file upload.tsv (TSV, C-alpha atoms)
chain	number	residue	atom	x	y	z
L	267	MET	CA	-13.02	9.24	-38.24
L	268	ILE	CA	-15.43	6.30	-38.75
L	269	ALA	CA	-12.49	3.99	-39.45
L	270	SER	CA	-10.78	5.20	-36.27
L	271	LEU	CA	-13.92	4.67	-34.22
L	272	SER	CA	-14.25	1.18	-35.72
L	273	LEU	CA	-10.69	0.39	-34.72
L	274	ILE	CA	-11.39	1.53	-31.15
L	275	LEU	CA	-14.59	-0.56	-31.07
L	276	PHE	CA	-12.69	-3.56	-32.46
L	277	CYS	CA	-10.17	-3.30	-29.65
L	278	GLN	CA	-12.98	-3.12	-27.08
L	279	LEU	CA	-14.78	-6.05	-28.71
L	280	GLY	CA	-11.62	-8.15	-28.64
L	281	GLY	CA	-11.14	-7.24	-25.00
L	282	GLU	CA	-14.72	-8.16	-24.07
L	283	VAL	CA	-14.55	-11.49	-25.94
L	284	ILE	CA	-11.32	-12.53	-24.21
L	285	VAL	CA	-12.37	-11.31	-20.75
L	286	ARG	CA	-15.72	-13.14	-20.96
L	287	GLY	CA	-14.22	-16.22	-22.60
L	288	LEU	CA	-11.43	-16.66	-20.08
L	289	ASN	CA	-13.38	-15.26	-17.11
L	290	LEU	CA	-10.66	-12.69	-16.39
L	291	PRO	CA	-11.21	-10.41	-13.35
L	292	MET	CA	-10.90	-7.14	-15.34
L	293	PRO	CA	-13.22	-4.97	-17.45
L	294	GLY	CA	-13.10	-5.76	-21.19
L	295	PRO	CA	-12.32	-2.15	-22.25
L	296	VAL	CA	-9.15	-2.21	-20.11
L	297	LEU	CA	-7.87	-5.15	-22.17
L	298	GLY	CA	-9.01	-3.22	-25.27
L	299	LEU	CA	-6.77	-0.35	-24.12
L	300	VAL	CA	-3.84	-2.77	-24.02
L	301	PHE	CA	-4.65	-3.97	-27.57
L	302	LEU	CA	-4.74	-0.43	-28.95
L	303	LEU	CA	-1.49	0.41	-27.19
L	304	ILE	CA	0.19	-2.68	-28.70
L	305	LEU	CA	-1.16	-1.73	-32.15
L	306	LEU	CA	0.27	1.80	-31.86
L	307	LEU	CA	3.65	0.49	-30.70
L	308	THR	CA	3.94	-2.20	-33.42
L	309	ARG	CA	2.96	0.37	-36.05
L	310	ASP	CA	6.12	2.30	-35.15
L	311	ARG	CA	8.21	-0.81	-35.91
L	312	PHE	CA	6.50	-2.03	-39.08
L	313	SER	CA	5.60	0.49	-41.76
L	314	ALA	CA	3.23	-2.07	-43.34
L	315	LEU	CA	0.78	-1.32	-40.51
L	316	ARG	CA	0.78	2.40	-41.29
L	317	ARG	CA	-2.54	2.55	-43.12
L	318	GLY	CA	-6.16	3.52	-42.52
L	319	PRO	CA	-6.81	4.77	-38.99
L	320	LEU	CA	-3.20	4.04	-38.00
L	321	ARG	CA	-1.93	6.74	-40.36
L	322	ASN	CA	-1.77	10.54	-40.15
L	323	ASP	CA	-2.73	10.72	-36.48
L	324	ALA	CA	-6.25	9.50	-37.33
L	325	VAL	CA	-7.02	7.17	-34.42
L	326	GLU	CA	-5.07	9.48	-32.13
L	327	SER	CA	-7.24	12.50	-32.86
L	328	THR	CA	-10.46	10.48	-32.55
L	329	ALA	CA	-9.30	9.14	-29.19
L	330	ARG	CA	-8.40	12.64	-27.98
L	331	GLY	CA	-11.84	13.82	-29.06
L	332	LEU	CA	-13.50	11.10	-26.99
L	333	LEU	CA	-11.35	11.90	-23.97
L	334	SER	CA	-11.81	15.66	-24.15
L	335	HIS	CA	-15.33	15.24	-22.76
L	336	LEU	CA	-14.74	12.36	-20.40
L	337	SER	CA	-16.84	14.13	-17.73
L	338	LEU	CA	-19.95	13.91	-19.92
L	339	LEU	CA	-19.79	10.12	-19.99
L	340	PHE	CA	-20.23	9.80	-16.22
L	341	ILE	CA	-23.48	11.75	-16.14
L	342	PRO	CA	-25.99	8.97	-17.02
L	343	ALA	CA	-24.67	6.70	-14.25
L	344	GLY	CA	-24.33	9.66	-11.90
L	345	VAL	CA	-27.99	10.63	-12.27
L	346	GLY	CA	-28.82	7.11	-11.07
L	347	VAL	CA	-27.29	8.13	-7.79
L	348	VAL	CA	-29.69	11.04	-7.37
L	349	LYS	CA	-32.57	8.59	-7.79
L	350	ASN	CA	-31.00	6.29	-5.17
L	351	LEU	CA	-30.16	8.93	-2.57
L	352	ASP	CA	-32.85	7.52	-0.26
L	353	LEU	CA	-30.45	4.60	0.32
L	354	VAL	CA	-28.07	6.88	2.21
L	355	ILE	CA	-30.66	9.11	3.93
L	356	GLY	CA	-30.70	7.20	7.23
L	357	HIS	CA	-26.95	7.49	7.67
L	358	GLY	CA	-26.32	10.34	5.22
L	359	ILE	CA	-23.96	12.51	7.25
L	360	ALA	CA	-21.89	9.59	8.57
L	361	ILE	CA	-21.50	8.13	5.07
L	362	LEU	CA	-20.53	11.50	3.57
L	363	LEU	CA	-17.98	12.12	6.33
L	364	THR	CA	-16.54	8.62	5.93
L	365	LEU	CA	-16.16	8.95	2.16
L	366	ALA	CA	-14.72	12.47	2.37
L	367	ALA	CA	-12.17	11.54	5.03
L	368	SER	CA	-11.17	8.42	3.14
L	369	VAL	CA	-10.68	10.36	-0.12
L	370	VAL	CA	-8.42	12.91	1.54
L	371	VAL	CA	-6.33	10.28	3.36
L	372	THR	CA	-6.02	8.18	0.19
L	373	LEU	CA	-4.93	11.17	-1.91
L	374	PHE	CA	-2.19	12.07	0.57
L	375	ALA	CA	-1.01	8.49	1.14
L	376	THR	CA	-0.69	7.87	-2.60
L	377	VAL	CA	0.98	11.16	-3.49
L	378	ALA	CA	3.41	10.92	-0.53
L	379	THR	CA	4.42	7.35	-1.42
L	380	PHE	CA	4.89	8.25	-5.08
L	381	LEU	CA	7.11	11.23	-4.27
L	382	ALA	CA	9.11	9.41	-1.59
L	383	ILE	CA	9.94	6.44	-3.86
L	384	ASN	CA	10.69	8.79	-6.74
L	385	ARG	CA	13.12	10.79	-4.57
L	386	LEU	CA	14.78	7.60	-3.30
L	387	LEU	CA	15.35	6.38	-6.86
L	388	THR	CA	16.71	9.66	-8.24
L	389	LYS	CA	19.08	9.96	-5.27
L	390	ARG	CA	20.40	6.50	-5.95
L	391	GLN	CA	21.02	7.34	-9.58
L	392	VAL	CA	22.96	10.46	-8.68
L	393	GLU	CA	25.17	8.95	-5.97
L	394	PRO	CA	27.39	6.39	-7.77
O	94	MET	CA	-51.55	22.12	-19.85
O	95	SER	CA	-53.77	21.68	-22.91
O	96	GLU	CA	-54.63	18.20	-24.14
O	97	ASN	CA	-52.37	18.56	-27.16
O	98	SER	CA	-49.22	19.70	-25.42
O	99	PHE	CA	-49.80	17.02	-22.80
O	100	SER	CA	-49.86	14.26	-25.40
O	101	LEU	CA	-46.76	15.79	-26.98
O	102	TRP	CA	-45.02	15.61	-23.58
O	103	VAL	CA	-46.13	12.01	-23.11
O	104	TYR	CA	-44.72	11.15	-26.51
O	105	LEU	CA	-41.43	13.01	-26.08
O	106	SER	CA	-40.79	11.95	-22.50
O	107	GLN	CA	-40.89	8.34	-23.62
O	108	SER	CA	-38.48	8.83	-26.52
O	109	PRO	CA	-34.69	8.65	-26.23
O	110	LEU	CA	-34.41	11.95	-28.14
O	111	LEU	CA	-35.61	14.14	-25.28
O	112	TRP	CA	-33.36	12.61	-22.63
O	113	LEU	CA	-30.31	12.53	-24.86
O	114	THR	CA	-30.90	16.21	-25.60
O	115	VAL	CA	-31.32	16.97	-21.89
O	116	THR	CA	-28.09	15.12	-21.04
O	117	LEU	CA	-25.97	16.78	-23.72
O	118	SER	CA	-27.34	20.30	-23.29
O	119	THR	CA	-27.09	20.25	-19.48
O	120	TYR	CA	-23.49	19.09	-19.76
O	121	ALA	CA	-22.77	21.73	-22.43
O	122	VAL	CA	-23.96	24.47	-20.06
O	123	ALA	CA	-22.14	23.00	-17.03
O	124	ASP	CA	-18.93	22.61	-19.04
O	125	THR	CA	-19.15	26.19	-20.35
O	126	LEU	CA	-19.52	27.44	-16.77
O	127	SER	CA	-16.56	25.28	-15.73
O	128	LEU	CA	-14.44	26.76	-18.52
O	129	ALA	CA	-15.59	30.29	-17.70
O	130	THR	CA	-14.39	29.83	-14.10
O	131	HIS	CA	-11.04	28.48	-15.38
O	132	ARG	CA	-11.96	24.96	-14.28
O	133	HIS	CA	-12.70	25.96	-10.72
O	134	PRO	CA	-12.97	22.75	-8.62
O	135	LEU	CA	-16.45	23.66	-7.36
O	136	ALA	CA	-17.71	24.20	-10.92
O	137	ASN	CA	-17.30	20.47	-11.56
O	138	PRO	CA	-19.45	19.68	-14.63
O	139	VAL	CA	-20.30	16.13	-13.47
O	140	LEU	CA	-21.62	17.35	-10.12
O	141	HIS	CA	-23.78	20.12	-11.52
O	142	SER	CA	-25.15	18.13	-14.46
O	143	ILE	CA	-26.13	15.30	-12.14
O	144	TRP	CA	-28.15	17.36	-9.69
O	145	ILE	CA	-29.79	19.50	-12.37
O	146	ILE	CA	-30.92	16.46	-14.38
O	147	GLY	CA	-31.84	14.60	-11.18
O	148	ALA	CA	-34.05	17.49	-10.06
O	149	PHE	CA	-35.61	17.69	-13.52
O	150	LEU	CA	-36.50	13.99	-13.43
O	151	LEU	CA	-37.94	14.40	-9.95
O	152	ILE	CA	-40.08	17.42	-10.92
O	153	THR	CA	-41.40	15.81	-14.11
O	154	GLY	CA	-41.94	12.47	-12.39
O	155	THR	CA	-39.76	10.68	-14.93
O	156	SER	CA	-38.35	7.29	-14.00
O	157	TYR	CA	-34.62	6.66	-14.19
O	158	ASN	CA	-35.23	3.86	-16.72
O	159	THR	CA	-36.99	6.25	-19.10
O	160	PHE	CA	-34.14	8.75	-18.76
O	161	PHE	CA	-31.52	6.06	-19.25
O	162	ALA	CA	-33.15	4.87	-22.50
O	163	GLY	CA	-31.88	8.16	-23.97
O	164	ALA	CA	-28.77	8.65	-21.89
O	165	GLN	CA	-27.46	5.13	-22.57
O	166	PHE	CA	-25.93	6.35	-25.84
O	167	VAL	CA	-23.64	8.58	-23.81
O	168	HIS	CA	-23.09	5.91	-21.15
O	169	PHE	CA	-22.05	3.43	-23.84
O	170	LEU	CA	-19.11	5.64	-24.82
O	171	LEU	CA	-17.40	4.94	-21.47
O	172	GLY	CA	-16.06	1.69	-22.98
O	173	PRO	CA	-14.55	3.24	-26.12
O	174	ALA	CA	-13.21	6.13	-24.00
O	175	THR	CA	-11.40	3.63	-21.79
O	176	VAL	CA	-9.81	2.10	-24.90
O	177	ALA	CA	-8.96	5.63	-26.10
O	178	LEU	CA	-6.82	6.14	-22.97
O	179	ALA	CA	-4.23	4.08	-24.91
O	180	VAL	CA	-3.43	7.18	-27.00
O	181	PRO	CA	-2.28	9.61	-24.26
O	182	LEU	CA	-0.58	6.62	-22.63
O	183	TYR	CA	1.26	5.98	-25.91
O	184	ASP	CA	2.18	9.68	-26.26
O	185	ASN	CA	3.64	9.74	-22.74
O	186	ARG	CA	5.09	6.21	-22.71
O	187	LYS	CA	8.66	7.31	-21.85
O	188	ARG	CA	7.45	9.25	-18.82
O	189	VAL	CA	5.30	6.33	-17.72
O	190	VAL	CA	8.05	3.72	-18.08
O	191	ALA	CA	10.44	5.95	-16.14
O	192	ALA	CA	7.97	6.17	-13.23
O	193	ILE	CA	7.03	2.50	-13.10
O	194	VAL	CA	8.50	1.79	-9.64
O	195	PRO	CA	6.95	4.80	-7.83
O	196	MET	CA	3.66	3.92	-9.54
O	197	LEU	CA	3.59	0.31	-8.42
O	198	VAL	CA	4.57	1.07	-4.82
O	199	SER	CA	2.09	3.93	-4.46
O	200	LEU	CA	-0.57	1.79	-6.13
O	201	VAL	CA	-0.30	-0.74	-3.32
O	202	ALA	CA	-0.06	1.94	-0.62
O	203	GLY	CA	-2.98	3.94	-2.03
O	204	SER	CA	-5.21	0.94	-2.64
O	205	ILE	CA	-4.72	-0.38	0.90
O	206	THR	CA	-5.26	3.11	2.36
O	207	ALA	CA	-8.49	3.58	0.39
O	208	ILE	CA	-10.01	0.36	1.70
O	209	VAL	CA	-8.68	0.40	5.27
O	210	SER	CA	-9.49	4.07	5.84
O	211	VAL	CA	-13.09	3.79	4.68
O	212	VAL	CA	-13.68	0.73	6.88
O	213	LEU	CA	-12.06	2.33	9.94
O	214	PHE	CA	-13.78	5.72	9.57
O	215	ALA	CA	-17.13	4.00	9.03
O	216	LYS	CA	-16.59	1.85	12.11
O	217	ALA	CA	-15.60	4.88	14.19
O	218	LEU	CA	-18.77	6.69	13.10
O	219	GLY	CA	-20.84	3.69	14.12
O	220	LEU	CA	-22.16	2.69	10.70
O	221	PRO	CA	-23.79	-0.76	10.54
O	222	HIS	CA	-21.84	-3.71	9.20
O	223	ALA	CA	-23.91	-4.06	6.00
O	224	ILE	CA	-23.26	-0.43	5.02
O	225	ILE	CA	-19.51	-0.71	5.72
O	226	LEU	CA	-19.30	-3.70	3.35
O	227	SER	CA	-21.06	-1.71	0.63
O	228	LEU	CA	-18.71	1.27	1.06
O	229	ALA	CA	-15.46	-0.72	1.03
O	230	PRO	CA	-14.87	-0.85	-2.76
O	231	LYS	CA	-15.86	2.84	-3.33
O	232	SER	CA	-12.56	3.96	-4.87
O	233	VAL	CA	-12.80	1.89	-8.06
O	234	THR	CA	-14.87	2.39	-11.15
O	235	ALA	CA	-18.59	1.63	-10.67
O	236	GLY	CA	-18.84	-1.58	-12.70
O	237	VAL	CA	-15.97	-3.25	-10.86
O	238	ALA	CA	-17.04	-1.90	-7.45
O	239	MET	CA	-20.57	-3.28	-7.87
O	240	GLY	CA	-19.12	-6.67	-8.77
O	241	ILE	CA	-17.01	-6.69	-5.61
O	242	SER	CA	-20.02	-5.59	-3.56
O	243	GLU	CA	-22.12	-8.43	-4.96
O	244	SER	CA	-19.45	-11.01	-4.13
O	245	LEU	CA	-19.51	-9.74	-0.52
O	246	HIS	CA	-23.33	-10.00	-0.42
O	247	ALA	CA	-23.46	-6.24	0.19
O	248	ASP	CA	-25.79	-3.77	-1.55
O	249	PRO	CA	-24.49	-2.96	-5.08
O	250	SER	CA	-26.76	0.11	-5.49
O	251	LEU	CA	-25.41	1.64	-2.28
O	252	THR	CA	-21.92	0.84	-3.58
O	253	ALA	CA	-22.71	2.66	-6.84
O	254	VAL	CA	-23.90	5.70	-4.87
O	255	SER	CA	-20.73	5.72	-2.76
O	256	VAL	CA	-18.56	5.31	-5.88
O	257	VAL	CA	-20.07	8.38	-7.55
O	258	LEU	CA	-19.98	10.46	-4.34
O	259	THR	CA	-16.33	9.48	-3.83
O	260	GLY	CA	-15.46	10.36	-7.43
O	261	ILE	CA	-17.07	13.79	-7.20
O	262	MET	CA	-15.52	14.60	-3.83
O	263	GLY	CA	-12.09	13.48	-5.05
O	264	ALA	CA	-12.41	15.56	-8.22
O	265	ILE	CA	-13.36	18.63	-6.17
O	266	VAL	CA	-10.74	18.41	-3.41
O	267	VAL	CA	-7.70	17.19	-5.36
O	268	THR	CA	-6.58	20.52	-6.87
O	269	PRO	CA	-6.89	22.67	-3.71
O	270	LEU	CA	-5.33	19.93	-1.53
O	271	MET	CA	-2.34	19.37	-3.80
O	272	ASN	CA	-1.80	23.10	-4.28
O	273	TRP	CA	-1.99	23.59	-0.51
O	274	ALA	CA	0.58	20.83	0.01
O	275	ALA	CA	2.76	22.51	-2.68
O	276	ILE	CA	2.97	19.33	-4.78
O	277	THR	CA	3.98	20.28	-8.31
O	278	ASP	CA	4.66	16.81	-9.77
O	279	PHE	CA	1.64	16.23	-12.02
O	280	ARG	CA	2.51	12.55	-12.37
O	281	ALA	CA	2.04	12.08	-8.62
O	282	ARG	CA	-1.05	14.31	-8.46
O	283	GLY	CA	-2.72	12.45	-11.31
O	284	PHE	CA	-1.81	9.05	-9.96
O	285	ALA	CA	-3.26	9.90	-6.56
O	286	VAL	CA	-6.60	11.10	-7.91
O	287	GLY	CA	-6.88	8.01	-10.13
O	288	ILE	CA	-6.43	5.77	-7.09
O	289	ALA	CA	-8.77	7.75	-4.84
O	290	ALA	CA	-11.47	8.84	-7.28
O	291	HIS	CA	-11.41	6.54	-10.39
O	292	GLY	CA	-12.91	7.87	-13.65
O	293	ILE	CA	-14.48	11.07	-12.35
O	294	GLY	CA	-11.10	11.93	-10.83
O	295	THR	CA	-9.43	11.07	-14.14
O	296	ALA	CA	-11.81	13.35	-16.02
O	297	ARG	CA	-10.81	16.14	-13.62
O	298	ALA	CA	-7.12	15.32	-14.07
O	299	PHE	CA	-7.42	15.65	-17.87
O	300	GLN	CA	-8.99	19.10	-17.36
O	301	VAL	CA	-5.98	20.24	-15.36
O	302	ASP	CA	-3.03	18.62	-17.13
O	303	GLU	CA	-2.54	15.89	-19.76
O	304	VAL	CA	0.26	14.16	-17.88
O	305	ALA	CA	-1.91	14.10	-14.76
O	306	GLY	CA	-4.71	12.58	-16.84
O	307	VAL	CA	-2.48	9.81	-18.19
O	308	PHE	CA	-1.19	8.85	-14.75
O	309	SER	CA	-4.70	9.03	-13.34
O	310	GLY	CA	-5.98	6.69	-16.06
O	311	ILE	CA	-3.24	4.14	-15.32
O	312	ALA	CA	-3.92	4.36	-11.59
O	313	MET	CA	-7.64	3.83	-12.12
O	314	GLY	CA	-7.05	0.72	-14.24
O	315	LEU	CA	-4.50	-0.85	-11.90
O	316	ASN	CA	-6.53	-0.01	-8.81
O	317	ALA	CA	-9.53	-1.90	-10.19
O	318	LEU	CA	-7.40	-5.05	-10.24
O	319	VAL	CA	-5.72	-4.57	-6.86
O	320	THR	CA	-8.94	-3.56	-5.08
O	321	SER	CA	-10.80	-6.65	-6.34
O	322	LEU	CA	-8.12	-8.75	-4.68
O	323	LEU	CA	-7.76	-6.69	-1.50
O	324	VAL	CA	-11.32	-5.85	-0.44
O	325	PRO	CA	-12.38	-9.42	0.48
O	326	LEU	CA	-9.16	-9.85	2.44
O	327	ALA	CA	-9.45	-6.48	4.19
O	328	VAL	CA	-13.06	-6.92	5.30
O	329	THR	CA	-12.25	-10.36	6.70
O	330	LEU	CA	-9.35	-8.94	8.69
O	331	LEU	CA	-11.00	-5.69	9.81
O	332	LEU	CA	-14.58	-6.80	10.37
O	333	GLY	CA	-14.13	-10.50	11.10
call {"tool": "encode", "arguments": {"input": "upload.tsv", "output": "structure tokens"}}
result
Amino acid sequence: MIASLSLILFCQLGGEVIVRGLNLPMPGPVLGLVFLLILLLTRDRFSALRRGPLRNDAVESTARGLLSHLSLLFIPAGVGVVKNLDLVIGHGIAILLTLAASVVVTLFATVATFLAINRLLTKRQVEP
Amino acid sequence: MSENSFSLWVYLSQSPLLWLTVTLSTYAVADTLSLATHRHPLANPVLHSIWIIGAFLLITGTSYNTFFAGAQFVHFLLGPATVALAVPLYDNRKRVVAAIVPMLVSLVAGSITAIVSVVLFAKALGLPHAIILSLAPKSVTAGVAMGISESLHADPSLTAVSVVLTGIMGAIVVTPLMNWAAITDFRARGFAVGIAAHGIGTARAFQVDEVAGVFSGIAMGLNALVTSLLVPLAVTLLLG
């Protein structure tokens, strides 16, 4: 479990170093995600990599453990919002309405596009 | 309060232990309630933990910085958790590769809709220019959104507030909306909530369905990139 956590931290560290070093416009952990994904995929090709946290589902179960309480991790930053609510008080209702309407429209636009393109592609595969 | 218990409170309220305990135990209760209601959208554990802890800080007169000294250990795990998303992505890689085209097209459509709709609704409701700029990047994860806000000379703290409010609203409405629209494709449902409501939406998606969680995580990551590029362009075109 400690080895798996170290591997995850190593990936994040590598991501942060490269993102800062090259001034890339993305968060370091996102690049770390890519590194871990590449590690898991190359492990399937080369058995020499199948050791330590990359063996017996070790890093996988640690990662699933972290993700099973993803909600918890947003609480510290979220509480900051409660302390900053005075920022929205003047225009509170208008801001809430704007955000709510935008969320609903965005959800529908994304889901409709996804399904439409998906349908178009499956149709094309069936036709010829 | 007696002198002794007061000095104990002063000691504890300054130590990370108390606030870490408060964070974890409040979440544990909120999550148990959420499970007991079969993950009812309104029993969202993020929403309820936030207001309970917020009220507690307010009543005890504790500053956010003091609270964060304890809660930062939890906050820190956001980075490793992002890296950990590689695992469900790896498990579902065939599904993801097969849906690459619908994902990329709906990424662009969703990202543009998120920005344009918030600017237009805010304009229609008569919000001042400075606030509209701060709301524009609200659909991406807080760190990235605050960066965008800074580059626009908007107010990053107002952006952070709008990011969290957006995430919570998205996490609450997504299940009833998608059920109402009879959408059963969990890839599409997850992807949509990742675009609209970033990490808090992704946390909700993982509660409902693993495939939805994976697609939501991908959407959140890609949207951070696209939104950073699109927001400056959109505000120039729409507010210029």
call {"tool": "closest_residue", "arguments": {"input": "upload.tsv", "among": "O:Pro230, O:Gly154, O:Pro269, O:Gly203", "to": "Ala289 of chain O", "atoms": "all atoms listed in the file"}}
result
O:Gly203
call {"tool": "residues_around", "arguments": {"input": "upload.tsv", "residues": "segment 303-313 of chain L", "least_positions_apart": "4", "cutoff": "8 Å", "atoms": "all atoms listed in the file", "output": "ChimeraX atom specification"}}
result
/L:299,320 /O:179-180,182-183
call {"tool": "residues_around", "arguments": {"input": "upload.tsv", "residues": "Met239 of chain O", "least_positions_apart": "4", "cutoff": "8 Å", "atoms": "all atoms listed in the file", "output": "JSON, numbers by chain"}}
result
{"O": [235, 243, 249, 250, 252, 253]}
call {"tool": "atom_distance", "arguments": {"input": "upload.tsv", "atom1": "atom CA of Pro293 of chain L", "atom2": "atom CA of Gly344 of chain L"}}
result
19.2 Å
call {"tool": "closest_atom_pairs", "arguments": {"input": "upload.tsv", "of": "chain O", "to": "chain L", "cutoff": "7 Å", "atoms": "all atoms listed in the file", "output": "Markdown table"}}
result
| residue | atom | partner | partner_atom | distance |
| --- | --- | --- | --- | --- |
| O:Tyr120 | CA | L:Leu338 | CA | 6.3 |
| O:Pro138 | CA | L:Ser337 | CA | 6.9 |
| O:Val139 | CA | L:Ser337 | CA | 5.8 |
| O:Ser142 | CA | L:Ile341 | CA | 6.8 |
| O:Ile143 | CA | L:Val345 | CA | 5.0 |
| O:Trp144 | CA | L:Val348 | CA | 6.9 |
| O:Ile146 | CA | L:Val345 | CA | 6.9 |
| O:Gly147 | CA | L:Val345 | CA | 5.6 |
| O:Tyr157 | CA | L:Gly346 | CA | 6.6 |
| O:Phe161 | CA | L:Pro342 | CA | 6.6 |
| O:Ala164 | CA | L:Pro342 | CA | 5.6 |
| O:Gln165 | CA | L:Pro342 | CA | 6.9 |
| O:Val167 | CA | L:Leu339 | CA | 5.6 |
| O:His168 | CA | L:Leu339 | CA | 5.5 |
| O:Leu170 | CA | L:Leu339 | CA | 6.6 |
| O:Leu171 | CA | L:Leu339 | CA | 5.9 |
| O:Gly172 | CA | L:Pro295 | CA | 5.4 |
| O:Pro173 | CA | L:Ile274 | CA | 6.2 |
| O:Ala174 | CA | L:Leu332 | CA | 5.8 |
| O:Thr175 | CA | L:Pro295 | CA | 5.9 |
| O:Val176 | CA | L:Leu299 | CA | 4.0 |
| O:Ala177 | CA | L:Ala329 | CA | 4.7 |
| O:Leu178 | CA | L:Leu299 | CA | 6.6 |
| O:Ala179 | CA | L:Leu303 | CA | 5.1 |
| O:Val180 | CA | L:Glu326 | CA | 5.9 |
| O:Tyr183 | CA | L:Leu303 | CA | 6.3 |
| O:Pro195 | CA | L:Phe380 | CA | 4.9 |
| O:Met196 | CA | L:Phe380 | CA | 6.3 |
| O:Ser199 | CA | L:Thr379 | CA | 5.1 |
| O:Ala202 | CA | L:Thr376 | CA | 6.3 |
| O:Gly203 | CA | L:Thr376 | CA | 4.6 |
| O:Thr206 | CA | L:Thr372 | CA | 5.6 |
| O:Ala207 | CA | L:Thr372 | CA | 5.2 |
| O:Ser210 | CA | L:Ser368 | CA | 5.4 |
| O:Val211 | CA | L:Ser368 | CA | 5.2 |
| O:Phe214 | CA | L:Thr364 | CA | 5.4 |
| O:Ala215 | CA | L:Thr364 | CA | 5.6 |
| O:Leu218 | CA | L:Ala360 | CA | 6.2 |
| O:Leu251 | CA | L:Leu353 | CA | 6.4 |
| O:Val254 | CA | L:Val347 | CA | 5.1 |
| O:Val257 | CA | L:Gly344 | CA | 6.2 |
| O:Thr259 | CA | L:Leu365 | CA | 6.0 |
| O:Met262 | CA | L:Ala366 | CA | 6.6 |
| O:Gly263 | CA | L:Val369 | CA | 6.0 |
| O:Ala281 | CA | L:Val377 | CA | 5.3 |
| O:Arg282 | CA | L:Val377 | CA | 6.2 |
| O:Ala285 | CA | L:Leu373 | CA | 5.1 |
| O:Val286 | CA | L:Leu373 | CA | 6.2 |
| O:Ala289 | CA | L:Val369 | CA | 5.7 |
| O:Ile293 | CA | L:Ser337 | CA | 6.6 |
| O:Ala296 | CA | L:Leu336 | CA | 5.4 |
| O:Gly314 | CA | L:Val296 | CA | 6.9 |
| O:Leu318 | CA | L:Met292 | CA | 6.5 |
call {"tool": "atom_distance", "arguments": {"input": "upload.tsv", "atom1": "atom CA of Arg188 of chain O", "atom2": "atom CA of Thr277 of chain O"}}
result
15.6 Å
call {"tool": "atom_distance", "arguments": {"input": "upload.tsv", "atom1": "atom CA of Ser100 of chain O", "atom2": "atom CA of Leu150 of chain O"}}
result
17.9 Å
